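Engineer: My file is entry29.pdb. It has PDB, C-alpha atoms:
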ATOM      1  CA  MET O   1      30.698  -4.266   1.038  1.00  0.00           C
ATOM      2  CA  SER O   2      29.698  -2.048   3.966  1.00  0.00           C
ATOM      3  CA  LYS O   3      26.107  -1.410   5.047  1.00  0.00           C
ATOM      4  CA  GLU O   4      26.391   2.240   4.039  1.00  0.00           C
ATOM      5  CA  ILE O   5      27.385   1.366   0.475  1.00  0.00           C
ATOM      6  CA  VAL O   6      24.540  -1.134   0.155  1.00  0.00           C
ATOM      7  CA  ILE O   7      21.978   1.356   1.522  1.00  0.00           C
ATOM      8  CA  ASN O   8      23.274   4.156  -0.735  1.00  0.00           C
ATOM      9  CA  ASN O   9      23.041   1.875  -3.785  1.00  0.00           C
ATOM     10  CA  LEU O  10      19.473   0.904  -2.852  1.00  0.00           C
ATOM     11  CA  LEU O  11      18.439   4.530  -2.367  1.00  0.00           C
ATOM     12  CA  ARG O  12      19.763   5.438  -5.829  1.00  0.00           C
ATOM     13  CA  ASN O  13      17.766   2.738  -7.614  1.00  0.00           C
ATOM     14  CA  LYS O  14      14.329   4.275  -8.250  1.00  0.00           C
ATOM     15  CA  ARG O  15      12.428   0.989  -8.549  1.00  0.00           C
ATOM     16  CA  ILE O  16      13.914  -0.479  -5.391  1.00  0.00           C
ATOM     17  CA  LEU O  17      13.417   2.798  -3.514  1.00  0.00           C
ATOM     18  CA  PHE O  18       9.745   3.068  -4.486  1.00  0.00           C
ATOM     19  CA  ALA O  19       9.034  -0.627  -3.849  1.00  0.00           C
ATOM     20  CA  THR O  20      10.708  -0.466  -0.442  1.00  0.00           C
ATOM     21  CA  PHE O  21       8.760   2.595   0.643  1.00  0.00           C
ATOM     22  CA  ALA O  22       5.467   1.179  -0.679  1.00  0.00           C
ATOM     23  CA  PHE O  23       6.212  -2.019   1.255  1.00  0.00           C
ATOM     24  CA  LEU O  24       6.852   0.042   4.400  1.00  0.00           C
ATOM     25  CA  GLY O  25       3.549   1.872   3.856  1.00  0.00           C
ATOM     26  CA  GLY O  26       1.764  -1.481   3.693  1.00  0.00           C
ATOM     27  CA  ILE O  27       3.546  -2.698   6.821  1.00  0.00           C
ATOM     28  CA  LEU O  28       2.531   0.487   8.674  1.00  0.00           C
ATOM     29  CA  SER O  29      -1.073   0.000   7.572  1.00  0.00           C
ATOM     30  CA  GLY O  30      -1.042  -3.606   8.761  1.00  0.00           C
ATOM     31  CA  ILE O  31       0.386  -2.571  12.128  1.00  0.00           C
ATOM     32  CA  VAL O  32      -2.228   0.163  12.623  1.00  0.00           C
ATOM     33  CA  VAL O  33      -5.063  -2.236  11.796  1.00  0.00           C
ATOM     34  CA  ASN O  34      -3.691  -4.844  14.200  1.00  0.00           C
ATOM     35  CA  VAL O  35      -3.521  -2.266  17.010  1.00  0.00           C
ATOM     36  CA  PHE O  36      -7.317  -1.922  16.822  1.00  0.00           C
ATOM     37  CA  PRO O  37      -8.739  -5.482  16.846  1.00  0.00           C
ATOM     38  CA  PHE O  38     -12.359  -4.283  16.621  1.00  0.00           C
ATOM     39  CA  ILE O  39     -11.671  -3.433  12.973  1.00  0.00           C
ATOM     40  CA  MET O  40     -11.022  -7.027  11.992  1.00  0.00           C
ATOM     41  CA  ASN O  41     -13.973  -8.294  14.030  1.00  0.00           C
ATOM     42  CA  ASN O  42     -16.453  -6.442  11.806  1.00  0.00           C
ATOM     43  CA  SER O  43     -16.841  -7.604   8.206  1.00  0.00           C
ATOM     44  CA  PHE O  44     -17.665  -4.146   6.839  1.00  0.00           C
ATOM     45  CA  LEU O  45     -14.979  -2.287   8.803  1.00  0.00           C
ATOM     46  CA  SER O  46     -12.364  -4.938   7.985  1.00  0.00           C
ATOM     47  CA  TRP O  47     -12.569  -3.929   4.317  1.00  0.00           C
ATOM     48  CA  VAL O  48     -13.262  -0.199   4.439  1.00  0.00           C
ATOM     49  CA  ILE O  49     -10.775   0.944   7.104  1.00  0.00           C
ATOM     50  CA  PRO O  50      -7.829  -1.169   5.912  1.00  0.00           C
ATOM     51  CA  GLY O  51      -8.612  -0.153   2.312  1.00  0.00           C
ATOM     52  CA  ALA O  52      -8.396   3.502   3.350  1.00  0.00           C
ATOM     53  CA  LEU O  53      -5.218   3.004   5.388  1.00  0.00           C
ATOM     54  CA  ASP O  54      -3.530   0.895   2.713  1.00  0.00           C
ATOM     55  CA  ALA O  55      -4.090   3.461  -0.029  1.00  0.00           C
ATOM     56  CA  ALA O  56      -3.223   6.388   2.268  1.00  0.00           C
ATOM     57  CA  LEU O  57      -0.016   4.959   3.714  1.00  0.00           C
ATOM     58  CA  ILE O  58       1.237   3.238   0.560  1.00  0.00           C
ATOM     59  CA  GLY O  59       0.460   6.400  -1.442  1.00  0.00           C
ATOM     60  CA  ALA O  60       2.095   8.688   1.114  1.00  0.00           C
ATOM     61  CA  MET O  61       5.191   6.522   1.481  1.00  0.00           C
ATOM     62  CA  THR O  62       5.605   6.325  -2.291  1.00  0.00           C
ATOM     63  CA  VAL O  63       5.390  10.124  -2.497  1.00  0.00           C
ATOM     64  CA  TYR O  64       7.964  10.257   0.302  1.00  0.00           C
ATOM     65  CA  ALA O  65      10.237   8.063  -1.826  1.00  0.00           C
ATOM     66  CA  GLN O  66       9.617  10.345  -4.818  1.00  0.00           C
ATOM     67  CA  ASN O  67      10.568  13.375  -2.727  1.00  0.00           C
ATOM     68  CA  TYR O  68      13.751  11.673  -1.573  1.00  0.00           C
ATOM     69  CA  TYR O  69      14.632  10.563  -5.095  1.00  0.00           C
ATOM     70  CA  GLN O  70      14.334  14.133  -6.376  1.00  0.00           C
ATOM     71  CA  THR O  71      15.863  16.062  -3.457  1.00  0.00           C
ATOM     72  CA  LYS O  72      18.099  13.477  -1.721  1.00  0.00           C
ATOM     73  CA  CYS O  73      16.662  14.474   1.647  1.00  0.00           C
ATOM     74  CA  PHE O  74      13.806  13.122   3.695  1.00  0.00           C
ATOM     75  CA  LYS O  75      11.161  15.757   4.335  1.00  0.00           C
ATOM     76  CA  ILE O  76       7.410  16.025   4.647  1.00  0.00           C
ATOM     77  CA  ASN O  77       5.705  18.272   2.111  1.00  0.00           C
ATOM     78  CA  ASP O  78       2.223  19.081   0.851  1.00  0.00           C
ATOM     79  CA  GLY O  79       2.349  16.292  -1.752  1.00  0.00           C
ATOM     80  CA  LEU O  80       2.821  13.760   1.017  1.00  0.00           C
ATOM     81  CA  LYS O  81      -0.135  15.127   2.970  1.00  0.00           C
ATOM     82  CA  GLY O  82      -2.252  15.260  -0.202  1.00  0.00           C
ATOM     83  CA  ALA O  83      -1.439  11.645  -1.045  1.00  0.00           C
ATOM     84  CA  PHE O  84      -2.435  10.595   2.463  1.00  0.00           C
ATOM     85  CA  LYS O  85      -5.750  12.470   2.362  1.00  0.00           C
ATOM     86  CA  LYS O  86      -6.630  11.289  -1.145  1.00  0.00           C
ATOM     87  CA  GLY O  87      -5.608   7.759  -0.213  1.00  0.00           C
ATOM     88  CA  LEU O  88      -7.944   7.747   2.780  1.00  0.00           C
ATOM     89  CA  MET O  89     -10.913   8.832   0.675  1.00  0.00           C
ATOM     90  CA  VAL O  90     -10.319   6.753  -2.429  1.00  0.00           C
ATOM     91  CA  GLY O  91      -9.085   3.779  -0.391  1.00  0.00           C
ATOM     92  CA  ALA O  92     -12.266   3.737   1.702  1.00  0.00           C
ATOM     93  CA  ILE O  93     -14.317   3.687  -1.495  1.00  0.00           C
ATOM     94  CA  GLY O  94     -12.141   0.859  -2.837  1.00  0.00           C
ATOM     95  CA  GLY O  95     -12.488  -1.006   0.452  1.00  0.00           C
ATOM     96  CA  PHE O  96     -16.260  -0.639   0.214  1.00  0.00           C
ATOM     97  CA  ALA O  97     -16.192  -1.950  -3.378  1.00  0.00           C
ATOM     98  CA  ALA O  98     -14.092  -4.921  -2.236  1.00  0.00           C
ATOM     99  CA  TYR O  99     -16.561  -5.556   0.597  1.00  0.00           C
ATOM    100  CA  VAL O 100     -19.501  -5.560  -1.845  1.00  0.00           C
ATOM    101  CA  VAL O 101     -17.727  -7.956  -4.222  1.00  0.00           C
ATOM    102  CA  VAL O 102     -16.827 -10.320  -1.379  1.00  0.00           C
ATOM    103  CA  GLN O 103     -20.420 -10.268  -0.132  1.00  0.00           C
ATOM    104  CA  LEU O 104     -21.707 -11.028  -3.642  1.00  0.00           C
ATOM    105  CA  LEU O 105     -19.223 -13.859  -4.228  1.00  0.00           C
ATOM    106  CA  GLY O 106     -19.604 -15.336  -0.760  1.00  0.00           C
ATOM    107  CA  ALA O 107     -17.049 -16.036   1.906  1.00  0.00           C
ATOM    108  CA  GLY O 108     -13.995 -17.895   0.754  1.00  0.00           C
ATOM    109  CA  ASN O 109     -10.362 -17.539  -0.125  1.00  0.00           C
ATOM    110  CA  MET O 110     -10.974 -16.726  -3.787  1.00  0.00           C
ATOM    111  CA  SER O 111     -13.420 -13.902  -3.038  1.00  0.00           C
ATOM    112  CA  ARG O 112     -11.049 -12.572  -0.372  1.00  0.00           C
ATOM    113  CA  SER O 113      -8.175 -12.617  -2.890  1.00  0.00           C
ATOM    114  CA  ILE O 114     -10.319 -10.718  -5.387  1.00  0.00           C
ATOM    115  CA  GLY O 115     -11.193  -8.193  -2.667  1.00  0.00           C
ATOM    116  CA  TRP O 116      -7.515  -7.721  -1.876  1.00  0.00           C
ATOM    117  CA  ALA O 117      -6.796  -7.263  -5.605  1.00  0.00           C
ATOM    118  CA  ILE O 118      -9.448  -4.534  -5.777  1.00  0.00           C
ATOM    119  CA  SER O 119      -8.006  -2.810  -2.727  1.00  0.00           C
ATOM    120  CA  GLY O 120      -4.467  -3.099  -4.126  1.00  0.00           C
ATOM    121  CA  GLY O 121      -5.588  -1.703  -7.478  1.00  0.00           C
ATOM    122  CA  VAL O 122      -7.103   1.292  -5.697  1.00  0.00           C
ATOM    123  CA  ALA O 123      -3.823   1.859  -3.835  1.00  0.00           C
ATOM    124  CA  GLY O 124      -2.076   1.740  -7.227  1.00  0.00           C
ATOM    125  CA  PHE O 125      -4.525   4.315  -8.564  1.00  0.00           C
ATOM    126  CA  VAL O 126      -3.711   6.660  -5.672  1.00  0.00           C
ATOM    127  CA  VAL O 127       0.015   6.230  -6.260  1.00  0.00           C
ATOM    128  CA  SER O 128      -0.361   6.879  -9.998  1.00  0.00           C
ATOM    129  CA  ASN O 129      -2.017  10.213  -9.257  1.00  0.00           C
ATOM    130  CA  GLN O 130       0.882  11.305  -7.084  1.00  0.00           C
ATOM    131  CA  VAL O 131       3.995  10.106  -8.918  1.00  0.00           C
ATOM    132  CA  PRO O 132       4.908  11.806 -12.201  1.00  0.00           C
ATOM    133  CA  ASN O 133       5.496   9.518 -15.189  1.00  0.00           C
ATOM    134  CA  LEU O 134       3.748   6.562 -13.533  1.00  0.00           C
ATOM    135  CA  LYS O 135       1.030   5.348 -15.874  1.00  0.00           C
ATOM    136  CA  MET O 136      -2.322   4.814 -14.183  1.00  0.00           C
ATOM    137  CA  LYS O 137      -2.998   1.477 -15.897  1.00  0.00           C
ATOM    138  CA  THR O 138       0.423   0.135 -14.894  1.00  0.00           C
ATOM    139  CA  ALA O 139       0.003   1.241 -11.279  1.00  0.00           C
ATOM    140  CA  ILE O 140      -3.503  -0.199 -10.966  1.00  0.00           C
ATOM    141  CA  ILE O 141      -2.459  -3.551 -12.440  1.00  0.00           C
ATOM    142  CA  ALA O 142       0.663  -3.705 -10.260  1.00  0.00           C
ATOM    143  CA  GLY O 143      -1.384  -2.828  -7.170  1.00  0.00           C
ATOM    144  CA  ALA O 144      -4.012  -5.440  -8.010  1.00  0.00           C
ATOM    145  CA  ILE O 145      -1.363  -8.126  -8.520  1.00  0.00           C
ATOM    146  CA  GLY O 146       0.337  -7.071  -5.290  1.00  0.00           C
ATOM    147  CA  GLY O 147      -2.966  -7.248  -3.418  1.00  0.00           C
ATOM    148  CA  PHE O 148      -3.772 -10.673  -4.826  1.00  0.00           C
ATOM    149  CA  VAL O 149      -0.302 -12.065  -4.059  1.00  0.00           C
ATOM    150  CA  GLY O 150      -0.318 -10.402  -0.621  1.00  0.00           C
ATOM    151  CA  CYS O 151      -3.589 -12.146   0.193  1.00  0.00           C
ATOM    152  CA  ILE O 152      -2.106 -15.484  -0.839  1.00  0.00           C
ATOM    153  CA  PHE O 153       0.836 -14.877   1.515  1.00  0.00           C
ATOM    154  CA  MET O 154      -1.588 -13.996   4.311  1.00  0.00           C
ATOM    155  CA  LEU O 155      -3.605 -17.146   3.643  1.00  0.00           C
ATOM    156  CA  MET O 156      -0.365 -19.162   3.769  1.00  0.00           C
ATOM    157  CA  ASP O 157       0.015 -17.961   7.390  1.00  0.00           C
ATOM    158  CA  PHE O 158       2.729 -15.386   6.771  1.00  0.00           C
ATOM    159  CA  GLY O 159       0.462 -12.895   8.522  1.00  0.00           C
ATOM    160  CA  TYR O 160      -1.830 -10.043   7.661  1.00  0.00           C
ATOM    161  CA  THR O 161       0.813  -7.325   8.013  1.00  0.00           C
ATOM    162  CA  LEU O 162       3.296  -8.980   5.649  1.00  0.00           C
ATOM    163  CA  GLY O 163       0.450  -9.611   3.192  1.00  0.00           C
ATOM    164  CA  VAL O 164      -0.437  -5.925   3.151  1.00  0.00           C
ATOM    165  CA  GLY O 165       3.221  -5.006   2.701  1.00  0.00           C
ATOM    166  CA  ILE O 166       3.439  -7.208  -0.362  1.00  0.00           C
TER
END
Before anything else, please render the file you have as structure tokens.

Structural biologist:
Amino acid sequence: MSKEIVINNLLRNKRILFATFAFLGGILSGIVVNVFPFIMNNSFLSWVIPGALDAALIGAMTVYAQNYYQTKCFKINDGLKGAFKKGLMVGAIGGFAAYVVVQLLGAGNMSRSIGWAISGGVAGFVVSNQVPNLKMKTAIIAGAIGGFVGCIFMLMDFGYTLGVGI
């Protein structure tokens, strides 16, 4: 099977398309955070800024996938910009909530995993507000599970960026 056939089949499958683009949004967020090391050197900033970027980029990339799925062409539209802006705002709030929970529970892998689950759930919330027919509860739970599992992958030394992508 040629690469073109495989790629075309992947782009036609809605679940694979959305998951791939959400993964790419997470990877982009992880890359941006790693470009600015001062973010990760500050406990507060290391939750709030990545939370904002995760929700913004995962939300925007999922809307991008939705646009492609409906129109079969890649283009930037107002929905994409709206998802990014809303993601930044709501994601920062979710990152702050994760920071507070981690501070209350104390430093440790379990509290960090819970913080990642909160941040992932917020990203799911942003996506659910942008993609028609995606139930909010389903998106929040999926995002929270993804955040929790992503944190486990990060803690297993697969890296921060891959963890965010997951």

Engineer: To verify the selection step, state as a count of residues only which residues the PyMOL selection byres ((chain O and resi 34) around 12) yields on this input.

Structural biologist: 23

Engineer: Would you translate the PyMOL selection byres ((chain O and resi 58) around 10) into the concrete set of residues it matches in this file, as a PyMOL selection string?

Structural biologist: chain O and resi 18-19+21-29+53-57+59-64+83-84+87+120+123-124+126-127+164-165

Engineer: Calculate how many Å separate atom CA of Gln130 of chain O from atom CA of Ala65 of chain O, rounding to one decimal.

Structural biologist: 11.2 Å

Engineer: Looking at only C-alpha atoms, which of O:Gly82, O:Gly121, O:Gly51, O:Pro132 is the one that sits closest to Tyr99 of chain O?

Structural biologist: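 Closest to Tyr99 of chain O of all the choices is O:Gly51.
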
Engineer: Name the closest residue to Leu134 of chain O among the candidates O:Met89, O:Glu4, O:Ile166, O:Arg15; distances are taken between atoms, counting all atoms listed in the file.

Structural biologist: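 Among the listed residues, O:Arg15 lies closest to Leu134 of chain O.
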
Engineer: With only C-alpha atoms as the basis for distance, which of O:Lys86, O:Arg112, O:Lys81, O:Lys14 is at the shortest distance from Ser128 of chain O?

Structural biologist: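 Of all the options, O:Lys86 lies closest to Ser128 of chain O.
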
Engineer: Within 10 Å of (14.5, 10.9, -7.5), in the coordinates the file gives, what residues turn up when you count all atoms listed in the file, written out as a PDB file with C-alpha atoms, keeping the file's coordinate frame?

Structural biologist:
ATOM      1  CA  LEU O  11      18.439   4.530  -2.367  1.00  0.00           C
ATOM      2  CA  ARG O  12      19.763   5.438  -5.829  1.00  0.00           C
ATOM      3  CA  ASN O  13      17.766   2.738  -7.614  1.00  0.00           C
ATOM      4  CA  LYS O  14      14.329   4.275  -8.250  1.00  0.00           C
ATOM      5  CA  LEU O  17      13.417   2.798  -3.514  1.00  0.00           C
ATOM      6  CA  PHE O  18       9.745   3.068  -4.486  1.00  0.00           C
ATOM      7  CA  ALA O  65      10.237   8.063  -1.826  1.00  0.00           C
ATOM      8  CA  GLN O  66       9.617  10.345  -4.818  1.00  0.00           C
ATOM      9  CA  ASN O  67      10.568  13.375  -2.727  1.00  0.00           C
ATOM     10  CA  TYR O  68      13.751  11.673  -1.573  1.00  0.00           C
ATOM     11  CA  TYR O  69      14.632  10.563  -5.095  1.00  0.00           C
ATOM     12  CA  GLN O  70      14.334  14.133  -6.376  1.00  0.00           C
ATOM     13  CA  THR O  71      15.863  16.062  -3.457  1.00  0.00           C
ATOM     14  CA  LYS O  72      18.099  13.477  -1.721  1.00  0.00           C
TER      15      LYS O  72
END

Engineer: Segment 104-148 of chain O from the block above, N, CA and C atoms, as a short mmCIF file (atom, residue, chain, number, x, y, z; two decimals), in the first residue's frame, please?

Structural biologist:
data_model
loop_
_atom_site.label_atom_id
_atom_site.label_comp_id
_atom_site.auth_asym_id
_atom_site.auth_seq_id
_atom_site.Cartn_x
_atom_site.Cartn_y
_atom_site.Cartn_z
N LEU O 104 -1.82 21.82 47.39
CA LEU O 104 -2.56 21.27 48.53
C LEU O 104 -2.17 19.83 48.83
N LEU O 105 -1.93 19.05 47.77
CA LEU O 105 -1.60 17.63 47.94
C LEU O 105 -0.12 17.40 48.23
N GLY O 106 0.69 18.39 47.95
CA GLY O 106 2.14 18.25 48.15
C GLY O 106 2.81 17.72 46.90
N ALA O 107 4.11 17.97 46.86
CA ALA O 107 4.89 17.52 45.70
C ALA O 107 4.91 16.00 45.65
N GLY O 108 4.85 15.47 44.48
CA GLY O 108 4.90 14.03 44.30
C GLY O 108 4.28 13.64 42.98
N ASN O 109 4.56 12.42 42.58
CA ASN O 109 4.08 11.96 41.28
C ASN O 109 2.57 11.84 41.20
N MET O 110 1.93 11.44 42.30
CA MET O 110 0.48 11.30 42.27
C MET O 110 -0.19 12.67 42.14
N SER O 111 0.27 13.66 42.90
CA SER O 111 -0.34 14.99 42.79
C SER O 111 -0.07 15.59 41.41
N ARG O 112 1.10 15.34 40.87
CA ARG O 112 1.41 15.82 39.52
C ARG O 112 0.48 15.16 38.49
N SER O 113 0.24 13.87 38.64
CA SER O 113 -0.66 13.16 37.72
C SER O 113 -2.08 13.71 37.81
N ILE O 114 -2.51 14.03 39.03
CA ILE O 114 -3.84 14.62 39.20
C ILE O 114 -3.88 16.01 38.55
N GLY O 115 -2.82 16.78 38.72
CA GLY O 115 -2.74 18.09 38.07
C GLY O 115 -2.81 17.98 36.56
N TRP O 116 -2.10 17.01 36.00
CA TRP O 116 -2.15 16.80 34.55
C TRP O 116 -3.56 16.38 34.12
N ALA O 117 -4.23 15.56 34.94
CA ALA O 117 -5.60 15.14 34.62
C ALA O 117 -6.53 16.35 34.60
N ILE O 118 -6.36 17.26 35.55
CA ILE O 118 -7.18 18.48 35.57
C ILE O 118 -6.93 19.29 34.31
N SER O 119 -5.66 19.48 33.99
CA SER O 119 -5.32 20.26 32.80
C SER O 119 -5.85 19.59 31.52
N GLY O 120 -5.74 18.27 31.44
CA GLY O 120 -6.27 17.55 30.29
C GLY O 120 -7.79 17.64 30.20
N GLY O 121 -8.46 17.57 31.34
CA GLY O 121 -9.92 17.72 31.36
C GLY O 121 -10.35 19.09 30.87
N VAL O 122 -9.59 20.11 31.23
CA VAL O 122 -9.88 21.48 30.76
C VAL O 122 -9.69 21.56 29.25
N ALA O 123 -8.63 20.95 28.74
CA ALA O 123 -8.43 20.92 27.28
C ALA O 123 -9.61 20.22 26.60
N GLY O 124 -10.09 19.13 27.21
CA GLY O 124 -11.26 18.44 26.68
C GLY O 124 -12.50 19.32 26.68
N PHE O 125 -12.65 20.10 27.73
CA PHE O 125 -13.77 21.05 27.81
C PHE O 125 -13.71 22.05 26.66
N VAL O 126 -12.54 22.59 26.40
CA VAL O 126 -12.37 23.56 25.30
C VAL O 126 -12.73 22.90 23.98
N VAL O 127 -12.25 21.69 23.76
CA VAL O 127 -12.55 20.99 22.51
C VAL O 127 -14.05 20.74 22.38
N SER O 128 -14.70 20.36 23.48
CA SER O 128 -16.14 20.06 23.41
C SER O 128 -16.97 21.28 23.04
N ASN O 129 -16.47 22.46 23.36
CA ASN O 129 -17.18 23.68 23.02
C ASN O 129 -16.97 24.10 21.57
N GLN O 130 -16.06 23.46 20.89
CA GLN O 130 -15.72 23.85 19.53
C GLN O 130 -16.15 22.83 18.48
N VAL O 131 -16.32 21.59 18.88
CA VAL O 131 -16.63 20.52 17.92
C VAL O 131 -18.08 20.09 18.09
N PRO O 132 -18.88 20.27 17.04
CA PRO O 132 -20.29 19.85 17.12
C PRO O 132 -20.42 18.35 17.40
N ASN O 133 -21.42 17.98 18.12
CA ASN O 133 -21.75 16.59 18.44
C ASN O 133 -20.76 15.92 19.38
N LEU O 134 -19.83 16.67 19.95
CA LEU O 134 -18.92 16.10 20.95
C LEU O 134 -19.46 16.46 22.32
N LYS O 135 -19.87 15.44 23.07
CA LYS O 135 -20.46 15.68 24.38
C LYS O 135 -19.39 16.18 25.35
N MET O 136 -19.77 17.20 26.13
CA MET O 136 -18.84 17.82 27.06
C MET O 136 -18.29 16.80 28.06
N LYS O 137 -19.15 16.00 28.65
CA LYS O 137 -18.72 15.02 29.65
C LYS O 137 -17.70 14.05 29.05
N THR O 138 -17.97 13.57 27.86
CA THR O 138 -17.07 12.64 27.18
C THR O 138 -15.71 13.29 26.93
N ALA O 139 -15.72 14.53 26.45
CA ALA O 139 -14.48 15.22 26.13
C ALA O 139 -13.66 15.51 27.39
N ILE O 140 -14.33 15.90 28.46
CA ILE O 140 -13.62 16.20 29.71
C ILE O 140 -12.99 14.92 30.27
N ILE O 141 -13.75 13.84 30.29
CA ILE O 141 -13.23 12.57 30.80
C ILE O 141 -12.07 12.08 29.93
N ALA O 142 -12.23 12.14 28.63
CA ALA O 142 -11.14 11.71 27.72
C ALA O 142 -9.90 12.57 27.92
N GLY O 143 -10.09 13.89 28.05
CA GLY O 143 -8.95 14.78 28.29
C GLY O 143 -8.27 14.49 29.61
N ALA O 144 -9.06 14.23 30.65
CA ALA O 144 -8.49 13.94 31.96
C ALA O 144 -7.70 12.62 31.93
N ILE O 145 -8.25 11.62 31.28
CA ILE O 145 -7.53 10.34 31.15
C ILE O 145 -6.26 10.54 30.34
N GLY O 146 -6.36 11.29 29.25
CA GLY O 146 -5.18 11.58 28.44
C GLY O 146 -4.12 12.32 29.23
N GLY O 147 -4.52 13.30 30.03
CA GLY O 147 -3.57 14.03 30.86
C GLY O 147 -2.90 13.13 31.88
N PHE O 148 -3.69 12.30 32.53
CA PHE O 148 -3.15 11.38 33.53
C PHE O 148 -2.16 10.40 32.90
#
